[in-house]
Amino acid sequence: MSHMEASQPLTRPPPSAPSPPPKNSKKMKNKITKALVIVIAIVVVSIGAWALCTDVFIKKISRPGLIEAYLVKSLSFHEGHMSDFNYNLGRWLLGEDVSWGSSPTPPVWASVHLGKIVDEAENFQKIFSESTNENYRNEQALHEVHFAYTQNKTRIQIDQTIRRYIKSLNIDRTFRLEKFLVSYIAYPDEDAEVQLNSSLGPFEDQIAIFKSTLPEKYHEGIDGYWRSLKRHTIPGIWEGCVPRVYNTSYIVREYMKSTRFRVTKCVPHGEPRRAEINTDLLVAVLTVVFALLWFGFLSCILCGYVQV
């Protein structure tokens, strides 16, 4: 080896340029990414459609353990039902019931739809009680009255239990009135007043029996509250139109004026029933949806499909 050759520095050969990835591999990666995006989109859309087409987000009303809380919740639901009933009745009388299939809806059809609203509310009360005894709610409310009295509770506490019992009894009374009105809309009988008297009479008997179980000092308060409650909770008749002294003849006349002659000045406006949303479940489902979207977005970036 010559001196010139030994003095030459050692050099590495230039690195070879990286070979381009096969075209088939890149196409396959894009296809996988597109398929992944499509699958995630289908999942997200399916979850949304499922949620919209079912009652998954509607909060199921569970019965409280305490009797007092159960009675309060039951009464609150019934108040909402009465407002919803008056709302749907008013829409039909004003010819705005487009959701019922035709406008204006014939009386027989309106009777059917209003009857379903009443049946659903009545069925809810039975399910909510978690008892096969149809008088369960009233019996529990009555027990609360006697318990408060025998335990020497304050007058205010006893009066509160008395009012809850009367309100509970009035739930059944308003159902009777609603069913009478529903029937009267479709078939206005001439003996409607006799039928209504016969239907409402038992409730007056129950109030009389209730009074007999308590000292006389409570009787005046019971009579006054019962009279006021009945006046303020006549389905289809605004309380401002009801005179202080009235009878079933007045109720039938008002029903005749509103259903046959469309005189609606005394028909309550009411409000549609709104379902209570289960926010916990809604947040959980939205979290899953956003997680899927975020996973899909990151997958697209890693696969080189989205340029950032």
# chains A, B, ... in the order shown; residues from 1 in each chain; ligands from 1
$ closest_atom_pairs --of "stretch 101-139 of chain A" --to "stretch 158-171 of chain A" --cutoff "9 Å" --atoms "only C-alpha atoms" --output "Markdown table"
| residue | atom | partner | partner_atom | distance |
| --- | --- | --- | --- | --- |
| A:Arg137 | CA | A:Ser168 | CA | 6.9 |
| A:Asn138 | CA | A:Ser168 | CA | 5.8 |
| A:Glu139 | CA | A:Tyr165 | CA | 8.5 |
$ select_by_dssp --residues "stretch 188-229 of chain A" --states "helix (DSSP H, G or I)" --output "PDB file with N, CA and C atoms, in the first residue's frame"
ATOM      1  N   ALA A 192    -127.692  13.881  31.328  1.00  0.00           N
ATOM      2  CA  ALA A 192    -126.296  14.028  31.748  1.00  0.00           C
ATOM      3  C   ALA A 192    -126.185  14.491  33.193  1.00  0.00           C
ATOM      4  N   GLU A 193    -127.077  15.384  33.602  1.00  0.00           N
ATOM      5  CA  GLU A 193    -127.009  15.903  34.970  1.00  0.00           C
ATOM      6  C   GLU A 193    -127.258  14.796  35.990  1.00  0.00           C
ATOM      7  N   VAL A 194    -128.204  13.919  35.693  1.00  0.00           N
ATOM      8  CA  VAL A 194    -128.492  12.801  36.600  1.00  0.00           C
ATOM      9  C   VAL A 194    -127.275  11.883  36.699  1.00  0.00           C
ATOM     10  N   GLN A 195    -126.654  11.624  35.563  1.00  0.00           N
ATOM     11  CA  GLN A 195    -125.470  10.765  35.546  1.00  0.00           C
ATOM     12  C   GLN A 195    -124.332  11.383  36.353  1.00  0.00           C
ATOM     13  N   LEU A 196    -124.143  12.682  36.204  1.00  0.00           N
ATOM     14  CA  LEU A 196    -123.058  13.351  36.917  1.00  0.00           C
ATOM     15  C   LEU A 196    -123.302  13.347  38.421  1.00  0.00           C
ATOM     16  N   ASN A 197    -124.531  13.601  38.813  1.00  0.00           N
ATOM     17  CA  ASN A 197    -124.866  13.550  40.243  1.00  0.00           C
ATOM     18  C   ASN A 197    -124.581  12.169  40.830  1.00  0.00           C
ATOM     19  N   SER A 198    -124.945  11.153  40.088  1.00  0.00           N
ATOM     20  CA  SER A 198    -124.720   9.788  40.549  1.00  0.00           C
ATOM     21  C   SER A 198    -123.229   9.466  40.638  1.00  0.00           C
ATOM     22  N   SER A 199    -122.452  10.044  39.724  1.00  0.00           N
ATOM     23  CA  SER A 199    -121.018   9.773  39.689  1.00  0.00           C
ATOM     24  C   SER A 199    -120.262  10.460  40.816  1.00  0.00           C
ATOM     25  N   LEU A 200    -120.700  11.673  41.180  1.00  0.00           N
ATOM     26  CA  LEU A 200    -119.975  12.462  42.184  1.00  0.00           C
ATOM     27  C   LEU A 200    -120.496  12.258  43.601  1.00  0.00           C
ATOM     28  N   GLY A 201    -121.683  11.698  43.731  1.00  0.00           N
ATOM     29  CA  GLY A 201    -122.277  11.522  45.054  1.00  0.00           C
ATOM     30  C   GLY A 201    -121.412  10.767  46.055  1.00  0.00           C
ATOM     31  N   PRO A 202    -120.767   9.667  45.661  1.00  0.00           N
ATOM     32  CA  PRO A 202    -119.968   8.900  46.626  1.00  0.00           C
ATOM     33  C   PRO A 202    -118.848   9.701  47.290  1.00  0.00           C
ATOM     34  N   PHE A 203    -118.339  10.712  46.620  1.00  0.00           N
ATOM     35  CA  PHE A 203    -117.255  11.494  47.217  1.00  0.00           C
ATOM     36  C   PHE A 203    -117.768  12.362  48.368  1.00  0.00           C
ATOM     37  N   GLU A 204    -118.985  12.841  48.225  1.00  0.00           N
ATOM     38  CA  GLU A 204    -119.579  13.592  49.333  1.00  0.00           C
ATOM     39  C   GLU A 204    -119.799  12.671  50.535  1.00  0.00           C
ATOM     40  N   ASP A 205    -120.165  11.424  50.243  1.00  0.00           N
ATOM     41  CA  ASP A 205    -120.347  10.455  51.331  1.00  0.00           C
ATOM     42  C   ASP A 205    -119.021  10.177  52.043  1.00  0.00           C
ATOM     43  N   GLN A 206    -117.945  10.081  51.280  1.00  0.00           N
ATOM     44  CA  GLN A 206    -116.640   9.803  51.891  1.00  0.00           C
ATOM     45  C   GLN A 206    -116.169  10.964  52.763  1.00  0.00           C
ATOM     46  N   ILE A 207    -116.463  12.192  52.334  1.00  0.00           N
ATOM     47  CA  ILE A 207    -116.101  13.348  53.159  1.00  0.00           C
ATOM     48  C   ILE A 207    -116.906  13.337  54.457  1.00  0.00           C
ATOM     49  N   ALA A 208    -118.179  12.978  54.361  1.00  0.00           N
ATOM     50  CA  ALA A 208    -119.023  12.911  55.565  1.00  0.00           C
ATOM     51  C   ALA A 208    -118.499  11.854  56.537  1.00  0.00           C
ATOM     52  N   ILE A 209    -118.094  10.705  56.004  1.00  0.00           N
ATOM     53  CA  ILE A 209    -117.535   9.656  56.861  1.00  0.00           C
ATOM     54  C   ILE A 209    -116.220  10.121  57.482  1.00  0.00           C
ATOM     55  N   PHE A 210    -115.408  10.799  56.682  1.00  0.00           N
ATOM     56  CA  PHE A 210    -114.123  11.308  57.173  1.00  0.00           C
ATOM     57  C   PHE A 210    -114.325  12.282  58.334  1.00  0.00           C
ATOM     58  N   LYS A 211    -115.287  13.167  58.189  1.00  0.00           N
ATOM     59  CA  LYS A 211    -115.564  14.136  59.261  1.00  0.00           C
ATOM     60  C   LYS A 211    -116.005  13.436  60.548  1.00  0.00           C
ATOM     61  N   SER A 212    -116.723  12.341  60.390  1.00  0.00           N
ATOM     62  CA  SER A 212    -117.226  11.643  61.580  1.00  0.00           C
ATOM     63  C   SER A 212    -116.114  10.997  62.399  1.00  0.00           C
ATOM     64  N   GLU A 216    -115.320  17.686  66.196  1.00  0.00           N
ATOM     65  CA  GLU A 216    -116.115  18.701  65.498  1.00  0.00           C
ATOM     66  C   GLU A 216    -115.313  19.956  65.174  1.00  0.00           C
ATOM     67  N   LYS A 217    -114.286  20.240  65.932  1.00  0.00           N
ATOM     68  CA  LYS A 217    -113.512  21.464  65.691  1.00  0.00           C
ATOM     69  C   LYS A 217    -112.818  21.460  64.330  1.00  0.00           C
ATOM     70  N   TYR A 218    -112.691  20.286  63.719  1.00  0.00           N
ATOM     71  CA  TYR A 218    -112.066  20.203  62.398  1.00  0.00           C
ATOM     72  C   TYR A 218    -113.085  20.266  61.262  1.00  0.00           C
ATOM     73  N   HIS A 219    -114.358  20.137  61.560  1.00  0.00           N
ATOM     74  CA  HIS A 219    -115.369  19.990  60.517  1.00  0.00           C
ATOM     75  C   HIS A 219    -115.484  21.218  59.626  1.00  0.00           C
ATOM     76  N   GLU A 220    -115.491  22.382  60.212  1.00  0.00           N
ATOM     77  CA  GLU A 220    -115.654  23.603  59.413  1.00  0.00           C
ATOM     78  C   GLU A 220    -114.495  23.774  58.432  1.00  0.00           C
ATOM     79  N   GLY A 221    -113.297  23.496  58.902  1.00  0.00           N
ATOM     80  CA  GLY A 221    -112.133  23.600  58.019  1.00  0.00           C
ATOM     81  C   GLY A 221    -112.192  22.594  56.885  1.00  0.00           C
ATOM     82  N   ILE A 222    -112.653  21.387  57.189  1.00  0.00           N
ATOM     83  CA  ILE A 222    -112.781  20.363  56.152  1.00  0.00           C
ATOM     84  C   ILE A 222    -113.801  20.782  55.101  1.00  0.00           C
ATOM     85  N   ASP A 223    -114.961  21.262  55.550  1.00  0.00           N
ATOM     86  CA  ASP A 223    -116.004  21.691  54.612  1.00  0.00           C
ATOM     87  C   ASP A 223    -115.513  22.829  53.722  1.00  0.00           C
ATOM     88  N   GLY A 224    -114.849  23.809  54.327  1.00  0.00           N
ATOM     89  CA  GLY A 224    -114.381  24.959  53.560  1.00  0.00           C
ATOM     90  C   GLY A 224    -113.331  24.573  52.536  1.00  0.00           C
ATOM     91  N   TYR A 225    -112.391  23.738  52.931  1.00  0.00           N
ATOM     92  CA  TYR A 225    -111.323  23.347  51.999  1.00  0.00           C
ATOM     93  C   TYR A 225    -111.868  22.461  50.885  1.00  0.00           C
ATOM     94  N   TRP A 226    -112.749  21.551  51.208  1.00  0.00           N
ATOM     95  CA  TRP A 226    -113.356  20.672  50.209  1.00  0.00           C
ATOM     96  C   TRP A 226    -114.161  21.473  49.192  1.00  0.00           C
ATOM     97  N   ARG A 227    -114.918  22.439  49.687  1.00  0.00           N
ATOM     98  CA  ARG A 227    -115.721  23.278  48.799  1.00  0.00           C
ATOM     99  C   ARG A 227    -114.820  24.096  47.866  1.00  0.00           C
ATOM    100  N   SER A 228    -113.770  24.684  48.397  1.00  0.00           N
ATOM    101  CA  SER A 228    -112.853  25.494  47.596  1.00  0.00           C
ATOM    102  C   SER A 228    -112.093  24.645  46.582  1.00  0.00           C
ATOM    103  N   LEU A 229    -111.643  23.469  47.007  1.00  0.00           N
ATOM    104  CA  LEU A 229    -110.877  22.603  46.109  1.00  0.00           C
ATOM    105  C   LEU A 229    -111.724  22.139  44.934  1.00  0.00           C
TER     106      LEU A 229
END
$ residues_around --residues "stretch 183-187 of chain A" --least-positions-apart "4" --cutoff "12 Å" --atoms "only C-alpha atoms" --output "number ranges by chain"
A: 89, 92-93, 105-115, 118, 176-179, 191-193, 195-196, 236, 251-262
$ atom_distance --atom1 "atom CA of A:Leu66" --atom2 "atom CA of A:Gln140"
10.8 Å
$ atom_distance --atom1 "atom CA of A:Glu271" --atom2 "atom CA of A:Asp84"
5.3 Å
$ closest_residue --among "A:Glu239, A:Glu122, A:Asp189, A:Glu130" --to "A:Phe77" --atoms "only C-alpha atoms"
A:Glu122
$ closest_residue --among "A:Thr233, A:Thr248, A:Thr264, A:Ser62" --to "A:Gln125" --atoms "only C-alpha atoms"
A:Ser62
$ atom_distance --atom1 "atom CA of A:Pro272" --atom2 "atom CA of A:Tyr87"
6.1 Å
